[in-house]
Amino acid sequence: MGTHQYRIHGHFDSGTATILEDSLIIAPPFFGVMDGVSGLYRPSEGPRFFDGMSGGQKVVRLVASEFLKAHAGEGLDDILHKANSAIREFAEGTGLVLDRPDILPGTQFVVAKVGDDAVEVMQCGDSLAVWAFSDGRVGALRNQTYAHERSQIAVLNDLLEKHHGDRDRVWEEYLPLTASFRRARANSGGTEGYVILNGQPEGERHWTRMTLAQNELSLLLMFTDGLVTLEETNDPEGMAELVLGRYREGGWASAFKRIRDQEEQGKSMRHIDHAEATAVALEFIDSGAA
């Protein structure tokens, strides 16, 4: 029995975002993507900055640091628990309180550890993974925040229509609403709850954990939510077929072109024209084949 080798392909696209809060993790045997989230703010004012970084940027740097320090024998749970503690220490050190998730910075993520026999995967929030086995079976992680995001977008779209696309007026009305959503739903586990790594210890109960047999795995794709539409994330098998198909057709360039073309069609109804997106692929080579 030979250990499978793998190739790594990372990709980042800033879209039209001006404050870049996504991050790649490439620290073998650890890989993944993160989607940083700052505390809520008015777009005209921008987020609060810490040491020259937005809250989302600061948090993804803290998490990345834990992966860079980790040794190969550590499990994802242990590393992420340390990262959550580091975020909590940072937040409390800057006067932020843990019962205000509307102003706490955080990140959503999907990460993997490639072992000799298995690939361990963990997810928090709306960062996603799809995979294919050598026998043609495919799978995907479900978006943990779908119901929360769906309700927020419905409110946002109603306000965009009400204010005829005037984003300044929209945000004046939307900000207190979305703040109340975050306070009620963050790491709550409720029907419209959402999961985020933001220092709150209760969030750790809601991370998705799974293990994939390495000798059966052909391809593992991990990406932030900017690579797919919200509705696509609610159909994991369909999303898997779609993203895997595009990736096999032309790598990440093909997958990213698809979402940019789609965004161009309906950008007038969204608060940002083209979302930031980050992705990493692990292509497994069957070294055990005769």
# chains A, B, ... in the order shown; residues from 1 in each chain; ligands from 1
$ residues_around --residues "Ala72 in chain A" --least-positions-apart "6" --cutoff "12 Å" --atoms "only C-alpha atoms" --output "ChimeraX atom specification"
/A:27-31,78-79,113-116
$ residues_around --residues "range 174-186 of chain A" --least-positions-apart "4" --cutoff "12 Å" --atoms "only C-alpha atoms" --output "PyMOL selection string"
chain A and resi 37+39-43+97-108+124-125+144-145+147-160+162-163+167-170+190-204+206+271
$ select_by_dssp --residues "range 76-290 of chain A" --states "helix (DSSP H, G or I)" --output "ChimeraX atom specification"
/A:76-93,146-162,167-185,201-206,214-216,225-227,230-233,236-265,267-269
$ closest_atom_pairs --of "range 25-136 of chain A" --to "range 232-235 of chain A" --cutoff "12 Å" --atoms "only C-alpha atoms" --output "Markdown table"
| residue | atom | partner | partner_atom | distance |
| --- | --- | --- | --- | --- |
| A:Gly125 | CA | A:Thr233 | CA | 11.5 |
| A:Asp126 | CA | A:Thr233 | CA | 8.5 |
| A:Ser127 | CA | A:Thr233 | CA | 9.9 |
| A:Leu128 | CA | A:Thr233 | CA | 8.3 |
| A:Ala129 | CA | A:Thr233 | CA | 10.3 |
| A:Val130 | CA | A:Thr233 | CA | 10.7 |
$ write_last_selection --atoms "N, CA and C atoms" --output "PDB file, in the first residue's frame"
ATOM      1  N   GLY A 125     -19.553  27.558   8.751  1.00  0.00           N
ATOM      2  CA  GLY A 125     -20.251  28.599   8.000  1.00  0.00           C
ATOM      3  C   GLY A 125     -20.474  28.287   6.546  1.00  0.00           C
ATOM      4  N   ASP A 126     -20.199  29.295   5.689  1.00  0.00           N
ATOM      5  CA  ASP A 126     -20.542  29.153   4.268  1.00  0.00           C
ATOM      6  C   ASP A 126     -19.322  28.960   3.376  1.00  0.00           C
ATOM      7  N   SER A 127     -18.167  28.618   3.955  1.00  0.00           N
ATOM      8  CA  SER A 127     -17.070  28.128   3.122  1.00  0.00           C
ATOM      9  C   SER A 127     -17.367  26.659   2.834  1.00  0.00           C
ATOM     10  N   LEU A 128     -17.014  26.184   1.649  1.00  0.00           N
ATOM     11  CA  LEU A 128     -17.564  24.922   1.161  1.00  0.00           C
ATOM     12  C   LEU A 128     -16.499  23.996   0.605  1.00  0.00           C
ATOM     13  N   ALA A 129     -16.851  22.730   0.523  1.00  0.00           N
ATOM     14  CA  ALA A 129     -15.960  21.740  -0.094  1.00  0.00           C
ATOM     15  C   ALA A 129     -16.795  20.783  -0.921  1.00  0.00           C
ATOM     16  N   VAL A 130     -16.237  20.372  -2.051  1.00  0.00           N
ATOM     17  CA  VAL A 130     -16.813  19.300  -2.863  1.00  0.00           C
ATOM     18  C   VAL A 130     -15.694  18.318  -3.170  1.00  0.00           C
TER      19      VAL A 130
END
$ closest_residue --among "A:Val228, A:Leu242, A:Leu219, A:Met210" --to "Ser134 in chain A" --atoms "only C-alpha atoms"
A:Leu219
$ select_by_dssp --residues "range 200-289 of chain A" --states "strand (DSSP E)" --output "list of chain:residue names"
A:Thr208, A:Arg209, A:Met210, A:Thr211, A:Leu212, A:Ala213, A:Leu217, A:Ser218, A:Leu219, A:Leu220, A:Leu221, A:Met222, A:Phe223, A:Ala277, A:Thr278, A:Ala279, A:Val280, A:Ala281, A:Leu282, A:Glu283, A:Phe284, A:Ile285
$ write_last_selection --atoms "N, CA and C atoms" --output "PDB file, in the first residue's frame"
ATOM      1  N   THR A 208     -18.823  21.449  11.280  1.00  0.00           N
ATOM      2  CA  THR A 208     -19.001  20.169  10.595  1.00  0.00           C
ATOM      3  C   THR A 208     -17.668  19.439  10.559  1.00  0.00           C
ATOM      4  N   ARG A 209     -17.683  18.156  10.912  1.00  0.00           N
ATOM      5  CA  ARG A 209     -16.480  17.336  10.916  1.00  0.00           C
ATOM      6  C   ARG A 209     -16.721  16.084  10.093  1.00  0.00           C
ATOM      7  N   MET A 210     -15.781  15.731   9.243  1.00  0.00           N
ATOM      8  CA  MET A 210     -15.925  14.495   8.478  1.00  0.00           C
ATOM      9  C   MET A 210     -14.560  13.963   8.077  1.00  0.00           C
ATOM     10  N   THR A 211     -14.548  12.681   7.694  1.00  0.00           N
ATOM     11  CA  THR A 211     -13.312  12.030   7.279  1.00  0.00           C
ATOM     12  C   THR A 211     -13.541  11.341   5.940  1.00  0.00           C
ATOM     13  N   LEU A 212     -12.604  11.530   5.009  1.00  0.00           N
ATOM     14  CA  LEU A 212     -12.661  10.905   3.692  1.00  0.00           C
ATOM     15  C   LEU A 212     -11.482   9.945   3.570  1.00  0.00           C
ATOM     16  N   ALA A 213     -11.750   8.736   3.061  1.00  0.00           N
ATOM     17  CA  ALA A 213     -10.681   7.748   2.872  1.00  0.00           C
ATOM     18  C   ALA A 213      -9.765   8.208   1.749  1.00  0.00           C
ATOM     19  N   LEU A 217     -10.066   8.794  -2.675  1.00  0.00           N
ATOM     20  CA  LEU A 217     -10.280  10.186  -3.064  1.00  0.00           C
ATOM     21  C   LEU A 217      -9.499  10.536  -4.320  1.00  0.00           C
ATOM     22  N   SER A 218     -10.180  11.223  -5.237  1.00  0.00           N
ATOM     23  CA  SER A 218      -9.550  11.670  -6.476  1.00  0.00           C
ATOM     24  C   SER A 218      -9.284  13.178  -6.449  1.00  0.00           C
ATOM     25  N   LEU A 219     -10.271  13.944  -5.955  1.00  0.00           N
ATOM     26  CA  LEU A 219     -10.194  15.401  -6.030  1.00  0.00           C
ATOM     27  C   LEU A 219     -10.960  16.016  -4.864  1.00  0.00           C
ATOM     28  N   LEU A 220     -10.344  16.971  -4.196  1.00  0.00           N
ATOM     29  CA  LEU A 220     -10.992  17.730  -3.126  1.00  0.00           C
ATOM     30  C   LEU A 220     -10.845  19.212  -3.448  1.00  0.00           C
ATOM     31  N   LEU A 221     -11.978  19.908  -3.577  1.00  0.00           N
ATOM     32  CA  LEU A 221     -11.993  21.338  -3.859  1.00  0.00           C
ATOM     33  C   LEU A 221     -12.583  22.067  -2.657  1.00  0.00           C
ATOM     34  N   MET A 222     -11.898  23.074  -2.167  1.00  0.00           N
ATOM     35  CA  MET A 222     -12.393  23.895  -1.058  1.00  0.00           C
ATOM     36  C   MET A 222     -12.430  25.353  -1.513  1.00  0.00           C
ATOM     37  N   PHE A 223     -13.507  26.064  -1.163  1.00  0.00           N
ATOM     38  CA  PHE A 223     -13.654  27.431  -1.678  1.00  0.00           C
ATOM     39  C   PHE A 223     -14.567  28.250  -0.785  1.00  0.00           C
ATOM     40  N   ALA A 277     -13.396  35.841  -3.810  1.00  0.00           N
ATOM     41  CA  ALA A 277     -13.478  34.376  -3.737  1.00  0.00           C
ATOM     42  C   ALA A 277     -12.079  33.775  -3.726  1.00  0.00           C
ATOM     43  N   THR A 278     -11.932  32.699  -2.962  1.00  0.00           N
ATOM     44  CA  THR A 278     -10.654  32.024  -2.802  1.00  0.00           C
ATOM     45  C   THR A 278     -10.891  30.523  -2.851  1.00  0.00           C
ATOM     46  N   ALA A 279      -9.953  29.782  -3.435  1.00  0.00           N
ATOM     47  CA  ALA A 279     -10.160  28.351  -3.602  1.00  0.00           C
ATOM     48  C   ALA A 279      -8.825  27.613  -3.585  1.00  0.00           C
ATOM     49  N   VAL A 280      -8.886  26.347  -3.173  1.00  0.00           N
ATOM     50  CA  VAL A 280      -7.702  25.482  -3.245  1.00  0.00           C
ATOM     51  C   VAL A 280      -8.164  24.088  -3.646  1.00  0.00           C
ATOM     52  N   ALA A 281      -7.397  23.459  -4.527  1.00  0.00           N
ATOM     53  CA  ALA A 281      -7.687  22.100  -5.001  1.00  0.00           C
ATOM     54  C   ALA A 281      -6.591  21.159  -4.580  1.00  0.00           C
ATOM     55  N   LEU A 282      -6.970  19.969  -4.157  1.00  0.00           N
ATOM     56  CA  LEU A 282      -6.031  18.882  -3.919  1.00  0.00           C
ATOM     57  C   LEU A 282      -6.376  17.766  -4.888  1.00  0.00           C
ATOM     58  N   GLU A 283      -5.469  17.493  -5.823  1.00  0.00           N
ATOM     59  CA  GLU A 283      -5.660  16.446  -6.817  1.00  0.00           C
ATOM     60  C   GLU A 283      -4.825  15.239  -6.391  1.00  0.00           C
ATOM     61  N   PHE A 284      -5.481  14.157  -6.080  1.00  0.00           N
ATOM     62  CA  PHE A 284      -4.787  12.973  -5.563  1.00  0.00           C
ATOM     63  C   PHE A 284      -4.363  12.054  -6.700  1.00  0.00           C
ATOM     64  N   ILE A 285      -3.123  11.580  -6.586  1.00  0.00           N
ATOM     65  CA  ILE A 285      -2.527  10.709  -7.618  1.00  0.00           C
ATOM     66  C   ILE A 285      -2.506   9.300  -7.058  1.00  0.00           C
TER      67      ILE A 285
END
$ residues_around --residues "Glu237 in chain A" --least-positions-apart "4" --cutoff "8 Å" --atoms "only C-alpha atoms" --output "PDB file with N, CA and C atoms, in the first residue's frame"
ATOM      1  N   VAL A 138     -19.526  11.499  -5.924  1.00  0.00           N
ATOM      2  CA  VAL A 138     -19.178  12.862  -5.533  1.00  0.00           C
ATOM      3  C   VAL A 138     -19.895  13.214  -4.236  1.00  0.00           C
ATOM      4  N   GLY A 139     -19.399  14.244  -3.563  1.00  0.00           N
ATOM      5  CA  GLY A 139     -20.031  14.713  -2.339  1.00  0.00           C
ATOM      6  C   GLY A 139     -19.752  16.187  -2.128  1.00  0.00           C
ATOM      7  N   ALA A 140     -20.451  16.760  -1.162  1.00  0.00           N
ATOM      8  CA  ALA A 140     -20.273  18.185  -0.875  1.00  0.00           C
ATOM      9  C   ALA A 140     -20.724  18.484   0.543  1.00  0.00           C
ATOM     10  N   GLU A 241     -21.455  18.559  -8.625  1.00  0.00           N
ATOM     11  CA  GLU A 241     -21.351  18.241 -10.054  1.00  0.00           C
ATOM     12  C   GLU A 241     -20.943  19.481 -10.847  1.00  0.00           C
TER      13      GLU A 241
END
